[in-house]
$ cat input36.tsv   # TSV, C-alpha atoms
chain	number	residue	atom	x	y	z
A	53	MET	CA	114.02	62.30	95.58
A	54	THR	CA	113.06	64.65	92.78
A	55	SER	CA	115.56	65.88	90.26
A	56	ASN	CA	116.28	69.57	89.94
A	57	ILE	CA	116.19	69.29	86.18
A	58	LYS	CA	112.94	70.77	84.93
A	59	ILE	CA	111.25	69.71	81.73
A	60	VAL	CA	110.50	72.19	78.97
A	61	SER	CA	108.18	70.68	76.39
A	62	ILE	CA	107.83	71.84	72.80
A	63	VAL	CA	104.63	70.79	71.04
A	64	ASP	CA	104.19	71.47	67.33
A	65	ASP	CA	102.88	69.22	64.58
A	66	GLU	CA	105.81	70.32	62.37
A	67	LEU	CA	108.98	68.36	63.07
A	68	ASP	CA	111.30	71.08	61.78
A	69	ILE	CA	109.77	73.62	64.18
A	70	THR	CA	110.24	71.42	67.24
A	71	GLN	CA	113.84	70.74	66.20
A	72	LEU	CA	114.52	74.43	65.62
A	73	TYR	CA	113.13	75.39	69.05
A	74	GLN	CA	114.96	72.54	70.76
A	75	ASP	CA	118.26	73.64	69.20
A	76	ALA	CA	117.53	77.20	70.31
A	77	ILE	CA	116.84	76.26	73.92
A	78	TYR	CA	118.73	73.12	74.85
A	79	GLY	CA	122.15	73.79	76.31
A	80	HIS	CA	121.47	77.54	76.58
A	81	ILE	CA	119.35	77.50	79.72
A	82	ASN	CA	120.62	75.82	82.88
A	83	GLY	CA	118.63	73.22	84.77
A	84	ILE	CA	116.26	72.15	82.03
A	85	SER	CA	115.78	69.21	79.72
A	86	VAL	CA	113.85	69.67	76.50
A	87	VAL	CA	111.32	67.19	75.14
A	88	CYS	CA	109.57	67.57	71.80
A	89	PHE	CA	106.26	66.24	70.60
A	90	ASN	CA	104.66	66.41	67.17
A	91	ASN	CA	101.43	64.94	68.53
A	92	PRO	CA	99.66	67.00	71.22
A	93	VAL	CA	97.89	63.93	72.62
A	94	THR	CA	101.24	62.20	73.25
A	95	ALA	CA	102.54	65.44	74.75
A	96	LEU	CA	99.61	65.53	77.18
A	97	GLU	CA	100.18	61.89	78.17
A	98	HIS	CA	103.85	62.64	78.89
A	99	PHE	CA	102.87	65.69	80.90
A	100	ILE	CA	100.42	63.69	83.02
A	101	GLU	CA	103.11	61.08	83.77
A	102	ASN	CA	105.76	63.70	84.62
A	103	LYS	CA	103.69	66.67	85.84
A	104	LYS	CA	105.88	67.35	88.88
A	105	ASP	CA	108.99	67.76	86.71
A	106	TYR	CA	107.57	70.24	84.21
A	107	ALA	CA	108.41	73.95	84.23
A	108	LEU	CA	107.12	75.06	80.83
A	109	VAL	CA	105.06	73.92	77.87
A	110	ILE	CA	105.45	75.71	74.53
A	111	SER	CA	102.63	74.82	72.18
A	112	ASP	CA	101.62	75.70	68.66
A	113	LEU	CA	98.01	76.79	68.26
A	114	ARG	CA	96.88	74.80	65.23
A	115	MET	CA	97.45	71.06	65.51
A	116	PRO	CA	95.38	67.99	64.63
A	117	ASN	CA	93.45	66.12	67.36
A	118	LEU	CA	94.04	68.70	70.09
A	119	ASN	CA	94.69	72.39	69.48
A	120	GLY	CA	97.12	74.45	71.53
A	121	LEU	CA	94.41	76.23	73.53
A	122	ASP	CA	92.85	72.95	74.63
A	123	LEU	CA	96.24	71.39	75.38
A	124	LEU	CA	97.41	74.30	77.56
A	125	SER	CA	94.04	74.44	79.32
A	126	LYS	CA	94.30	70.74	80.24
A	127	ILE	CA	97.90	71.23	81.42
A	128	LYS	CA	97.00	74.17	83.67
A	129	MET	CA	94.15	72.15	85.19
A	130	ILE	CA	96.56	69.34	86.08
A	131	ASN	CA	99.38	71.58	87.35
A	132	PRO	CA	98.56	75.32	87.60
A	133	ASN	CA	102.19	76.21	88.38
A	134	VAL	CA	103.50	75.11	85.00
A	135	ARG	CA	104.21	78.05	82.69
A	136	THR	CA	102.69	78.08	79.21
A	137	ILE	CA	103.62	79.75	75.94
A	138	LEU	CA	101.26	79.65	72.98
A	139	VAL	CA	102.81	80.11	69.55
A	140	SER	CA	100.96	80.86	66.33
A	141	ALA	CA	101.46	82.27	62.88
A	142	TYR	CA	97.76	83.05	62.73
A	143	GLU	CA	95.84	86.03	64.00
A	144	VAL	CA	94.26	84.83	67.24
A	145	LYS	CA	94.03	88.00	69.27
A	146	GLU	CA	90.31	88.37	68.39
A	147	ASP	CA	89.49	84.79	69.42
A	148	LYS	CA	87.27	84.80	72.53
A	149	VAL	CA	88.76	81.62	74.03
A	150	PHE	CA	92.27	82.99	73.47
A	151	GLN	CA	91.34	86.27	75.19
A	152	LYS	CA	89.84	84.43	78.16
A	153	TYR	CA	92.91	82.20	78.54
A	154	MET	CA	95.26	85.19	78.38
A	155	LYS	CA	93.20	86.97	81.01
A	156	ASP	CA	92.84	84.03	83.40
A	157	GLY	CA	96.48	82.94	83.14
A	158	THR	CA	95.93	79.71	81.22
A	159	ILE	CA	98.38	81.18	78.71
A	160	ASP	CA	101.33	82.97	80.33
A	161	LEU	CA	102.79	84.27	77.08
A	162	PHE	CA	101.75	84.47	73.44
A	163	ILE	CA	104.39	84.57	70.71
A	164	GLU	CA	103.74	85.10	67.02
A	165	LYS	CA	105.64	83.07	64.44
A	166	PRO	CA	108.19	83.46	63.03
A	167	ILE	CA	110.21	83.78	66.23
A	168	PRO	CA	113.76	85.12	66.33
A	169	ILE	CA	115.83	82.44	68.09
A	170	ASP	CA	117.52	84.77	70.59
A	171	TRP	CA	114.16	86.21	71.56
A	172	LEU	CA	112.64	82.74	71.99
A	173	ARG	CA	115.57	81.73	74.20
A	174	GLN	CA	115.14	84.86	76.33
A	175	LYS	CA	111.40	84.32	76.75
A	176	VAL	CA	111.88	80.67	77.71
A	177	ARG	CA	114.52	81.68	80.25
A	178	GLU	CA	112.13	84.27	81.73
A	179	GLN	CA	109.30	81.70	82.01
A	180	VAL	CA	111.54	79.09	83.65
A	181	GLU	CA	112.73	81.74	86.12
A	182	ALA	CA	109.12	82.75	86.85
A	183	PHE	CA	108.30	79.09	87.48
A	184	GLU	CA	111.24	78.68	89.88
A	185	LYS	CA	110.39	81.88	91.70
A	186	ARG	CA	106.77	80.85	92.22
A	187	ARG	CA	107.84	77.39	93.34
A	188	ASN	CA	110.21	78.81	95.94
A	189	GLU	CA	107.69	81.22	97.42
$ encode --input "input36.tsv" --output "structure tokens"
Amino acid sequence: MTSNIKIVSIVDDELDITQLYQDAIYGHINGISVVCFNNPVTALEHFIENKKDYALVISDLRMPNLNGLDLLSKIKMINPNVRTILVSAYEVKEDKVFQKYMKDGTIDLFIEKPIPIDWLRQKVREQVEAFEKRRNE
């Protein structure tokens, strides 16, 4: 039996960012649990173990060991239905890998930091709904 609770993962090497996003999302969107990781490698391990329960991964771009582009690429290879949001304070729109991933659907949404909390909540809700809709098709 699988639970109907879907996992939303927040991956950022800054603890205060993951806490801020978690506070913004948790309890405001029905049917999700929120997990936070400050190490993208640990986040990937958790995803691999729980891939069927994930709806969305929100990842920062610049992190040690594994950047956000590589993390989201690996996640989409494991479970292409999972929605992905890439977050960055840096200008990445000219980056060729970023452009390719936006085009091929590796990244479902790009958000620039800083993010207004209400807007983040709305975007997460939209991505979770898109995941559910695709899953029910």
$ residues_around --input "input36.tsv" --residues "A:Leu124" --least-positions-apart "6" --cutoff "8 Å" --atoms "all atoms listed in the file" --output "mmCIF file with C-alpha atoms, in the frame of the given file"
data_model
loop_
_atom_site.group_PDB
_atom_site.id
_atom_site.type_symbol
_atom_site.label_atom_id
_atom_site.label_comp_id
_atom_site.auth_asym_id
_atom_site.auth_seq_id
_atom_site.Cartn_x
_atom_site.Cartn_y
_atom_site.Cartn_z
ATOM 1 C CA VAL A 109 105.060 73.920 77.870
ATOM 2 C CA SER A 111 102.630 74.820 72.180
ATOM 3 C CA THR A 136 102.690 78.080 79.210
ATOM 4 C CA THR A 158 95.930 79.710 81.220
ATOM 5 C CA ILE A 159 98.380 81.180 78.710
#
$ closest_residue --input "input36.tsv" --among "A:Gln174, A:Ser85, A:Val63, A:Leu108" --to "A:Val139" --atoms "all atoms listed in the file"
A:Val63
$ atom_distance --input "input36.tsv" --atom1 "atom CA of A:Ile110" --atom2 "atom CA of A:Ser61"
6.0 Å
$ closest_residue --input "input36.tsv" --among "A:Asp170, A:Glu178, A:Asp64, A:Glu189" --to "A:Asn117" --atoms "only C-alpha atoms"
A:Asp64
$ closest_residue --input "input36.tsv" --among "A:Gly157, A:Pro132, A:Pro116, A:Pro168" --to "A:Tyr73" --atoms "all atoms listed in the file"
A:Pro168
$ atom_distance --input "input36.tsv" --atom1 "atom CA of A:Met154" --atom2 "atom CA of A:Leu172"
18.7 Å
$ residues_around --input "input36.tsv" --residues "A:Val180" --least-positions-apart "3" --cutoff "7 Å" --atoms "all atoms listed in the file" --output "PyMOL selection string"
chain A and resi 107-108+176-177+183-184
$ closest_residue --input "input36.tsv" --among "A:Thr70, A:Gln151, A:Ser140, A:Asn133" --to "A:Asp105" --atoms "all atoms listed in the file"
A:Asn133
$ closest_residue --input "input36.tsv" --among "A:Ile130, A:Ile169, A:Leu113, A:Leu118" --to "A:Glu143" --atoms "all atoms listed in the file"
A:Leu113
$ residues_around --input "input36.tsv" --residues "A:Val149" --least-positions-apart "6" --cutoff "10 Å" --atoms "only C-alpha atoms" --output "compact mmCIF listing (two decimals) with C-alpha atoms, keeping the file's coordinate frame"
# COMPACT_ATOMS: atom_id res chain seq x y z
CA LEU A 121 94.41 76.23 73.53
CA ASP A 122 92.85 72.95 74.63
CA LYS A 155 93.20 86.97 81.01
$ closest_residue --input "input36.tsv" --among "A:Val134, A:Leu67, A:Leu72, A:Met129" --to "A:Lys185" --atoms "only C-alpha atoms"
A:Val134
$ atom_distance --input "input36.tsv" --atom1 "atom CA of A:Val144" --atom2 "atom CA of A:Gln179"
21.3 Å
$ residues_near_point --input "input36.tsv" --point "(110.3, 70.7, 74.2)" --cutoff "6 Å" --atoms "all atoms listed in the file" --output "compact mmCIF listing (two decimals) with C-alpha atoms, keeping the file's coordinate frame"
# COMPACT_ATOMS: atom_id res chain seq x y z
CA VAL A 60 110.50 72.19 78.97
CA SER A 61 108.18 70.68 76.39
CA ILE A 62 107.83 71.84 72.80
CA VAL A 86 113.85 69.67 76.50
CA VAL A 87 111.32 67.19 75.14
CA CYS A 88 109.57 67.57 71.80
